[in-house]
file work-v1.cif (mmCIF, C-alpha atoms)
data_work
#
loop_
_atom_site.label_atom_id
_atom_site.label_comp_id
_atom_site.auth_asym_id
_atom_site.auth_seq_id
_atom_site.Cartn_x
_atom_site.Cartn_y
_atom_site.Cartn_z
CA MET A 182 -83.29 -21.46 -14.26
CA THR A 183 -81.34 -18.94 -12.18
CA SER A 184 -80.19 -15.61 -13.57
CA VAL A 185 -77.22 -13.47 -12.64
CA SER A 186 -76.93 -9.78 -13.60
CA ILE A 187 -73.51 -8.12 -13.57
CA THR A 188 -72.66 -4.48 -14.36
CA LEU A 189 -69.09 -3.65 -15.40
CA SER A 190 -67.35 -0.35 -16.20
CA ALA A 191 -65.22 -1.87 -18.95
CA LEU A 192 -64.40 -5.38 -20.12
CA SER A 193 -63.27 -6.84 -23.42
CA VAL A 194 -64.67 -10.15 -24.50
CA SER A 195 -62.27 -11.72 -26.96
CA SER A 196 -63.56 -15.22 -27.54
CA LEU A 197 -65.76 -17.99 -26.25
CA ARG A 198 -64.82 -21.61 -26.79
CA LYS A 199 -67.36 -24.31 -27.10
CA PRO A 200 -66.34 -27.35 -25.06
CA SER A 201 -67.33 -30.84 -26.07
CA ASN A 202 -70.70 -32.26 -24.95
CA SER A 203 -72.11 -28.84 -24.26
CA THR A 204 -75.02 -26.75 -25.38
CA PRO A 205 -74.09 -23.90 -27.73
CA CYS A 206 -73.37 -20.48 -26.28
CA ASN A 207 -75.83 -17.76 -27.17
CA LEU A 208 -73.76 -14.71 -27.93
CA SER A 209 -75.50 -11.56 -29.12
CA THR A 210 -72.28 -9.54 -29.42
CA SER A 211 -68.68 -9.58 -28.28
CA PHE A 212 -68.24 -5.82 -28.17
CA LEU A 213 -68.50 -3.48 -25.21
CA GLY A 214 -71.69 -1.59 -24.61
CA ARG A 215 -73.89 -4.51 -25.59
CA LYS A 216 -75.80 -7.13 -23.63
CA LEU A 217 -74.09 -10.51 -23.63
CA SER A 218 -76.16 -13.59 -22.91
CA ILE A 219 -74.20 -16.75 -22.18
CA GLU A 220 -75.68 -20.18 -21.59
CA ILE A 221 -73.32 -22.16 -19.38
CA PRO A 222 -72.42 -25.56 -20.94
CA HIS A 223 -73.64 -28.65 -19.16
CA SER A 224 -73.68 -32.37 -19.61
CA ASN A 225 -77.00 -33.91 -20.66
CA LYS A 226 -76.91 -36.60 -17.99
CA PHE A 227 -76.89 -33.94 -15.25
CA ALA A 228 -79.48 -31.69 -16.88
CA SER A 229 -82.37 -32.82 -14.75
CA LYS A 230 -80.51 -32.44 -11.46
CA HIS A 231 -78.59 -29.26 -12.21
CA PRO A 232 -80.53 -26.52 -14.04
CA THR A 233 -78.42 -24.53 -16.48
CA PRO A 234 -77.72 -21.01 -15.16
CA VAL A 235 -77.77 -18.08 -17.57
CA ALA A 236 -75.36 -15.18 -16.97
CA THR A 237 -76.31 -11.78 -18.33
CA VAL A 238 -73.55 -9.19 -18.56
CA LEU A 239 -74.70 -5.62 -19.12
CA PHE A 240 -72.01 -3.17 -20.13
CA SER A 241 -72.99 0.35 -19.10
CA LEU A 242 -71.82 3.54 -17.41
CA PRO A 243 -73.05 5.05 -14.14
CA THR A 244 -76.29 7.01 -14.27
CA GLY A 245 -77.79 9.60 -11.98
CA LYS A 246 -81.23 8.64 -13.27
CA PRO A 247 -81.76 4.98 -12.31
CA GLU A 248 -85.45 5.22 -13.20
CA ARG A 249 -84.37 5.05 -16.85
CA ILE A 250 -83.11 1.50 -16.40
CA SER A 251 -86.31 0.23 -14.80
CA SER A 252 -88.44 1.89 -17.48
CA GLY A 253 -86.21 0.67 -20.30
CA LYS A 254 -85.77 4.24 -21.58
CA THR A 255 -82.03 4.19 -22.20
CA SER A 256 -79.50 3.64 -24.95
CA GLN A 257 -76.31 1.64 -25.02
CA TRP A 258 -72.87 3.21 -24.79
CA SER A 259 -70.40 2.45 -27.56
CA ALA A 260 -67.27 0.38 -26.95
CA ARG A 261 -65.07 3.46 -27.43
CA ALA A 262 -67.14 5.51 -24.97
CA ILE A 263 -66.87 2.81 -22.31
CA LYS A 264 -63.12 2.50 -22.87
CA SER A 265 -62.77 6.29 -22.68
CA PHE A 266 -64.59 6.23 -19.34
CA ALA A 267 -62.31 3.47 -18.04
CA MET A 268 -59.23 5.40 -19.17
CA GLY A 269 -60.62 8.47 -17.42
CA GLU A 270 -60.82 6.55 -14.15
CA LEU A 271 -57.22 5.46 -14.66
CA GLU A 272 -56.07 9.04 -15.29
CA ALA A 273 -57.76 10.17 -12.07
CA ARG A 274 -55.87 7.42 -10.22
CA LYS A 275 -52.57 8.41 -11.84
CA LEU A 276 -53.01 11.96 -10.55
CA LYS A 277 -54.12 10.51 -7.17
CA TYR A 278 -57.42 12.37 -7.27
CA PRO A 279 -60.23 11.07 -5.03
CA ASN A 280 -62.85 11.44 -7.77
CA THR A 281 -63.26 11.03 -11.51
CA GLY A 282 -64.13 14.50 -12.76
CA THR A 283 -64.86 15.97 -16.16
CA GLU A 284 -61.15 16.68 -16.58
CA ALA A 285 -60.40 12.97 -16.13
CA LEU A 286 -63.12 12.01 -18.62
CA LEU A 287 -61.55 14.45 -21.09
CA MET A 288 -58.16 12.82 -20.62
CA GLY A 289 -59.78 9.40 -21.00
CA ILE A 290 -61.15 10.40 -24.41
CA LEU A 291 -57.64 11.35 -25.54
CA VAL A 292 -56.04 8.22 -24.08
CA GLU A 293 -58.50 5.99 -25.96
CA GLY A 294 -57.62 8.10 -28.97
CA THR A 295 -59.42 6.36 -31.86
CA SER A 296 -62.81 8.08 -31.78
CA ILE A 297 -63.94 10.97 -33.96
CA ALA A 298 -64.05 13.13 -30.83
CA ALA A 299 -60.44 12.34 -29.88
CA LYS A 300 -59.22 12.99 -33.43
CA PHE A 301 -61.19 16.24 -33.54
CA LEU A 302 -59.54 17.41 -30.32
CA ARG A 303 -56.05 16.59 -31.57
CA ALA A 304 -56.76 18.28 -34.92
CA ASN A 305 -57.52 21.44 -32.93
CA GLY A 306 -54.32 21.22 -30.91
CA ILE A 307 -55.86 19.71 -27.77
CA THR A 308 -53.58 16.87 -26.69
CA LEU A 309 -53.38 14.62 -23.65
CA PHE A 310 -50.19 16.31 -22.46
CA LYS A 311 -51.79 19.77 -22.63
CA VAL A 312 -54.97 18.65 -20.87
CA ARG A 313 -52.99 16.94 -18.11
CA GLU A 314 -50.85 20.06 -17.68
CA GLU A 315 -53.91 22.33 -17.48
CA THR A 316 -55.56 19.94 -15.02
CA VAL A 317 -52.63 20.19 -12.60
CA LYS A 318 -52.60 23.98 -12.99
CA LEU A 319 -56.33 24.20 -12.24
CA LEU A 320 -56.75 21.53 -9.57
CA GLY A 321 -53.23 21.15 -8.23
CA LYS A 322 -51.36 18.01 -7.28
CA SER A 323 -52.69 15.49 -4.81
CA ASP A 324 -50.87 14.40 -1.66
CA MET A 325 -48.12 11.97 -2.68
CA TYR A 326 -49.19 9.61 0.11
CA PHE A 327 -52.82 9.55 -1.00
CA PHE A 328 -54.03 6.52 -2.96
CA SER A 329 -57.12 6.80 -5.11
CA PRO A 330 -59.78 4.08 -4.91
CA GLU A 331 -59.81 1.48 -7.68
CA HIS A 332 -62.85 3.20 -9.22
CA PRO A 333 -62.79 6.86 -8.11
CA PRO A 334 -66.46 7.95 -7.82
CA LEU A 335 -67.75 10.51 -10.28
CA THR A 336 -68.03 14.14 -9.33
CA GLU A 337 -71.50 15.66 -9.72
CA PRO A 338 -70.52 17.55 -12.92
CA ALA A 339 -69.06 14.37 -14.42
CA GLN A 340 -72.25 12.43 -13.65
CA ARG A 341 -74.35 15.19 -15.18
CA ALA A 342 -72.15 15.08 -18.28
CA LEU A 343 -72.88 11.36 -18.69
CA ASP A 344 -76.59 11.91 -18.16
CA TRP A 345 -76.58 14.79 -20.66
CA ALA A 346 -75.08 12.46 -23.26
CA VAL A 347 -77.81 9.87 -22.65
CA ASP A 348 -80.55 12.54 -22.74
CA GLN A 349 -79.31 13.89 -26.08
CA LYS A 350 -79.28 10.43 -27.58
CA LEU A 351 -82.82 9.74 -26.41
CA LYS A 352 -84.03 13.11 -27.72
CA SER A 353 -82.59 12.34 -31.16
CA GLY A 354 -84.82 9.28 -31.47
CA ASP A 355 -81.94 7.44 -33.12
CA SER A 356 -81.51 3.78 -32.24
CA GLY A 357 -77.71 3.82 -32.37
CA GLU A 358 -75.20 3.94 -29.54
CA ILE A 359 -74.14 6.80 -27.29
CA THR A 360 -70.76 7.85 -28.66
CA VAL A 361 -67.59 9.51 -27.40
CA SER A 362 -68.75 12.70 -29.12
CA HIS A 363 -71.86 12.66 -26.91
CA LEU A 364 -69.55 12.28 -23.91
CA LEU A 365 -67.28 15.16 -24.98
CA LEU A 366 -70.23 17.46 -25.62
CA GLY A 367 -71.64 16.41 -22.25
CA ILE A 368 -68.42 17.65 -20.65
CA TRP A 369 -68.74 20.88 -22.64
CA SER A 370 -72.31 21.34 -21.37
CA GLU A 371 -71.04 21.60 -17.76
CA LYS A 372 -69.98 25.24 -17.93
CA GLU A 373 -68.54 25.42 -14.41
CA SER A 374 -66.69 22.12 -14.55
CA ALA A 375 -62.92 21.67 -14.71
CA GLY A 376 -63.22 19.86 -18.05
CA HIS A 377 -65.10 22.76 -19.64
CA LYS A 378 -62.62 25.33 -18.30
CA ILE A 379 -59.68 23.30 -19.61
CA LEU A 380 -61.29 23.02 -23.06
CA VAL A 381 -61.82 26.80 -23.12
CA SER A 382 -58.20 27.45 -22.13
CA LEU A 383 -57.05 25.26 -25.04
CA GLY A 384 -59.21 27.02 -27.65
CA PHE A 385 -62.36 24.91 -27.75
CA ASP A 386 -65.53 26.97 -28.16
CA ASP A 387 -69.21 26.76 -29.10
CA GLU A 388 -68.40 26.84 -32.81
CA LYS A 389 -66.17 23.80 -32.49
CA ALA A 390 -68.82 22.08 -30.36
CA LYS A 391 -71.38 22.75 -33.11
CA GLU A 392 -68.98 21.37 -35.72
CA LEU A 393 -68.44 18.18 -33.71
CA SER A 394 -72.17 17.74 -33.09
CA VAL A 395 -72.70 17.08 -36.81
CA SER A 396 -70.96 13.72 -36.42
CA MET A 397 -72.21 13.09 -32.89
CA ASP A 398 -73.89 9.78 -33.77
CA LYS A 399 -70.68 8.25 -35.14
CA ASP A 400 -67.62 7.03 -33.25
CA TYR A 401 -65.29 6.47 -36.16
CA VAL A 402 -64.99 6.88 -39.91
CA LEU A 403 -63.68 4.07 -42.11
CA SER A 404 -60.83 5.18 -44.33
CA PHE A 405 -59.14 3.28 -47.15
CA LYS A 406 -56.34 5.79 -47.71
#

call {"tool": "encode", "arguments": {"input": "work-v1.cif", "output": "structure tokens"}}
result
Amino acid sequence: MTSVSITLSALSVSSLRKPSNSTPCNLSTSFLGRKLSIEIPHSNKFASKHPTPVATVLFSLPTGKPERISSGKTSQWSARAIKSFAMGELEARKLKYPNTGTEALLMGILVEGTSIAAKFLRANGITLFKVREETVKLLGKSDMYFFSPEHPPLTEPAQRALDWAVDQKLKSGDSGEITVSHLLLGIWSEKESAGHKILVSLGFDDEKAKELSVSMDKDYVLSFK
């Protein structure tokens, strides 16, 4: 039986249909940030001649420490964190920047908008419009004739922010997912990065970071109001 491994930045899996005369699909989850194992349907009369392939889709974010993957010492990113990352890439492209920096990841968090981290930022007056405005002030505008790559590569500070988030999750010993709050605090940990400087200029500080860290292992809060 052959195996295919695919790594994607972001992808939503909405539904899987079971065709007639097929083996059932083995679906562990339909949400982002989880491993999805799919057994491709096949007809019984061709089973002996055509082995059934199994596709494994692993939803993850880039890492600067690939040894973690081989050793199995890693945690899964939440759906909201992966979407925030994807929105960050898109924001970098909108500004025609060659790379996805911490400022773009910060904008991505606000574009996704539903996480505890995003709501915390807005509650403290840090909005997408303000972050985008501060980004242009700090980094300037790109050449109007420049076109960003489809997936602008991460800057070194942005990659370290992602790795910081993973490290903190592993240190906690918790088996849950790496959340958007981990990502935001990872950006904050990069003191010389554009994202950190923009947060400072908009009133974010260590006290607010400490307040957010209390709910770092959650991505959202259910409300019945």

call {"tool": "resolve_selection", "arguments": {"input": "work-v1.cif", "expression": "the PyMOL selection byres ((chain A and resi 337) around 12)", "output": "PyMOL selection string"}}
result
chain A and resi 243-245+280-283+334-336+338-344+368+371+373-375

call {"tool": "atom_distance", "arguments": {"input": "work-v1.cif", "atom1": "atom CA of A:Lys264", "atom2": "atom CA of A:Trp345"}}
result
18.4 Å

call {"tool": "resolve_selection", "arguments": {"input": "work-v1.cif", "expression": "the PyMOL selection byres ((chain A and resi 299) around 12)", "output": "PyMOL selection string"}}
result
chain A and resi 261-262+265+286-298+300-309+360-366+393+400-401

call {"tool": "atom_distance", "arguments": {"input": "work-v1.cif", "atom1": "atom CA of A:Lys378", "atom2": "atom CA of A:Ala285"}}
result
12.7 Å

call {"tool": "closest_residue", "arguments": {"input": "work-v1.cif", "among": "A:Ile359, A:Val312, A:Lys318, A:Glu272", "to": "A:Ser241", "atoms": "all atoms listed in the file"}}
result
A:Ile359

call {"tool": "closest_residue", "arguments": {"input": "work-v1.cif", "among": "A:Phe266, A:Lys277, A:Glu284, A:Leu242", "to": "A:Gly376", "atoms": "only C-alpha atoms"}}
result
A:Glu284

call {"tool": "atom_distance", "arguments": {"input": "work-v1.cif", "atom1": "atom CA of A:His377", "atom2": "atom CA of A:Glu331"}}
result
25.0 Å

call {"tool": "residues_near_point", "arguments": {"input": "work-v1.cif", "point": "(-77.1, 7.1, -34.6)", "cutoff": "7 Å", "atoms": "all atoms listed in the file", "output": "ChimeraX atom specification"}}
result
/A:355-358,398-399

call {"tool": "axis_aligned_box", "arguments": {"input": "work-v1.cif", "around": "stretch 371-382 of chain A", "padding_each_side": "6 Å", "output": "lines of an AutoDock Vina configuration file"}}
result
center_x = -64.6
center_y = 23.7
center_z = -18.8
size_x = 24.8
size_y = 19.6
size_z = 20.7

call {"tool": "closest_residue", "arguments": {"input": "work-v1.cif", "among": "A:Ile379, A:Phe385, A:Asp348, A:Pro279", "to": "A:Arg313", "atoms": "only C-alpha atoms"}}
result
A:Ile379

call {"tool": "build_atoms", "arguments": {"input": "work-v1.cif", "residues": "stretch 274-285 of chain A", "atoms": "all heavy atoms", "output": "short mmCIF file (atom, residue, chain, number, x, y, z; two decimals), in the coordinates of the input"}}
result
data_model
loop_
_atom_site.label_atom_id
_atom_site.label_comp_id
_atom_site.auth_asym_id
_atom_site.auth_seq_id
_atom_site.Cartn_x
_atom_site.Cartn_y
_atom_site.Cartn_z
N ARG A 274 -56.72 8.18 -11.16
CA ARG A 274 -55.87 7.42 -10.22
C ARG A 274 -54.41 7.81 -10.37
O ARG A 274 -53.68 7.91 -9.38
CB ARG A 274 -56.05 5.93 -10.44
CG ARG A 274 -57.44 5.40 -10.07
CD ARG A 274 -57.50 3.89 -10.22
NE ARG A 274 -56.63 3.24 -9.26
CZ ARG A 274 -56.29 1.95 -9.32
NH1 ARG A 274 -56.71 1.21 -10.33
NH2 ARG A 274 -55.52 1.43 -8.41
N LYS A 275 -53.96 8.02 -11.61
CA LYS A 275 -52.57 8.41 -11.84
C LYS A 275 -52.24 9.73 -11.16
O LYS A 275 -51.15 9.93 -10.63
CB LYS A 275 -52.30 8.54 -13.34
CG LYS A 275 -52.16 7.22 -14.08
CD LYS A 275 -51.87 7.46 -15.55
CE LYS A 275 -51.72 6.17 -16.33
NZ LYS A 275 -51.48 6.43 -17.78
N LEU A 276 -53.21 10.66 -11.19
CA LEU A 276 -53.01 11.96 -10.55
C LEU A 276 -53.35 11.91 -9.06
O LEU A 276 -53.27 12.93 -8.38
CB LEU A 276 -53.88 13.01 -11.25
CG LEU A 276 -53.45 13.36 -12.69
CD1 LEU A 276 -54.48 14.26 -13.36
CD2 LEU A 276 -52.09 14.05 -12.68
N LYS A 277 -53.77 10.74 -8.59
CA LYS A 277 -54.12 10.51 -7.17
C LYS A 277 -55.26 11.41 -6.72
O LYS A 277 -55.27 11.92 -5.60
CB LYS A 277 -52.88 10.72 -6.28
CG LYS A 277 -51.78 9.70 -6.56
CD LYS A 277 -50.66 9.79 -5.54
CE LYS A 277 -49.64 8.69 -5.76
NZ LYS A 277 -48.58 8.69 -4.74
N TYR A 278 -56.23 11.61 -7.61
CA TYR A 278 -57.42 12.37 -7.27
C TYR A 278 -58.46 11.43 -6.64
O TYR A 278 -58.56 10.27 -7.03
CB TYR A 278 -58.01 13.05 -8.50
CG TYR A 278 -57.20 14.22 -9.00
CD1 TYR A 278 -57.42 14.75 -10.28
CD2 TYR A 278 -56.22 14.83 -8.21
CE1 TYR A 278 -56.68 15.83 -10.75
CE2 TYR A 278 -55.48 15.91 -8.68
CZ TYR A 278 -55.71 16.40 -9.94
OH TYR A 278 -54.99 17.47 -10.40
N PRO A 279 -59.24 11.93 -5.70
CA PRO A 279 -60.23 11.07 -5.03
C PRO A 279 -61.46 10.78 -5.88
O PRO A 279 -62.22 9.88 -5.59
CB PRO A 279 -60.61 11.87 -3.78
CG PRO A 279 -60.39 13.31 -4.18
CD PRO A 279 -59.18 13.28 -5.09
N ASN A 280 -61.66 11.59 -6.93
CA ASN A 280 -62.85 11.44 -7.77
C ASN A 280 -62.48 11.47 -9.24
O ASN A 280 -61.44 11.97 -9.63
CB ASN A 280 -63.87 12.55 -7.49
CG ASN A 280 -64.38 12.54 -6.08
OD1 ASN A 280 -63.83 13.21 -5.21
ND2 ASN A 280 -65.43 11.79 -5.82
N THR A 281 -63.39 10.93 -10.06
CA THR A 281 -63.26 11.03 -11.51
C THR A 281 -64.09 12.22 -11.95
O THR A 281 -65.32 12.19 -11.91
CB THR A 281 -63.77 9.76 -12.21
OG1 THR A 281 -63.01 8.63 -11.75
CG2 THR A 281 -63.63 9.88 -13.72
N GLY A 282 -63.43 13.29 -12.35
CA GLY A 282 -64.13 14.50 -12.76
C GLY A 282 -64.20 14.64 -14.27
O GLY A 282 -63.72 13.78 -15.01
N THR A 283 -64.75 15.75 -14.72
CA THR A 283 -64.86 15.97 -16.16
C THR A 283 -63.49 16.09 -16.81
O THR A 283 -63.31 15.73 -17.97
CB THR A 283 -65.67 17.25 -16.45
OG1 THR A 283 -65.10 18.34 -15.70
CG2 THR A 283 -67.13 17.08 -16.06
N GLU A 284 -62.51 16.59 -16.04
CA GLU A 284 -61.15 16.68 -16.58
C GLU A 284 -60.56 15.29 -16.83
O GLU A 284 -59.86 15.06 -17.83
CB GLU A 284 -60.24 17.49 -15.63
CG GLU A 284 -59.85 16.81 -14.34
CD GLU A 284 -60.98 16.60 -13.33
OE1 GLU A 284 -61.98 17.34 -13.42
OE2 GLU A 284 -60.84 15.73 -12.47
N ALA A 285 -60.88 14.35 -15.95
CA ALA A 285 -60.40 12.97 -16.13
C ALA A 285 -61.10 12.30 -17.31
O ALA A 285 -60.47 11.56 -18.08
CB ALA A 285 -60.63 12.16 -14.85
#
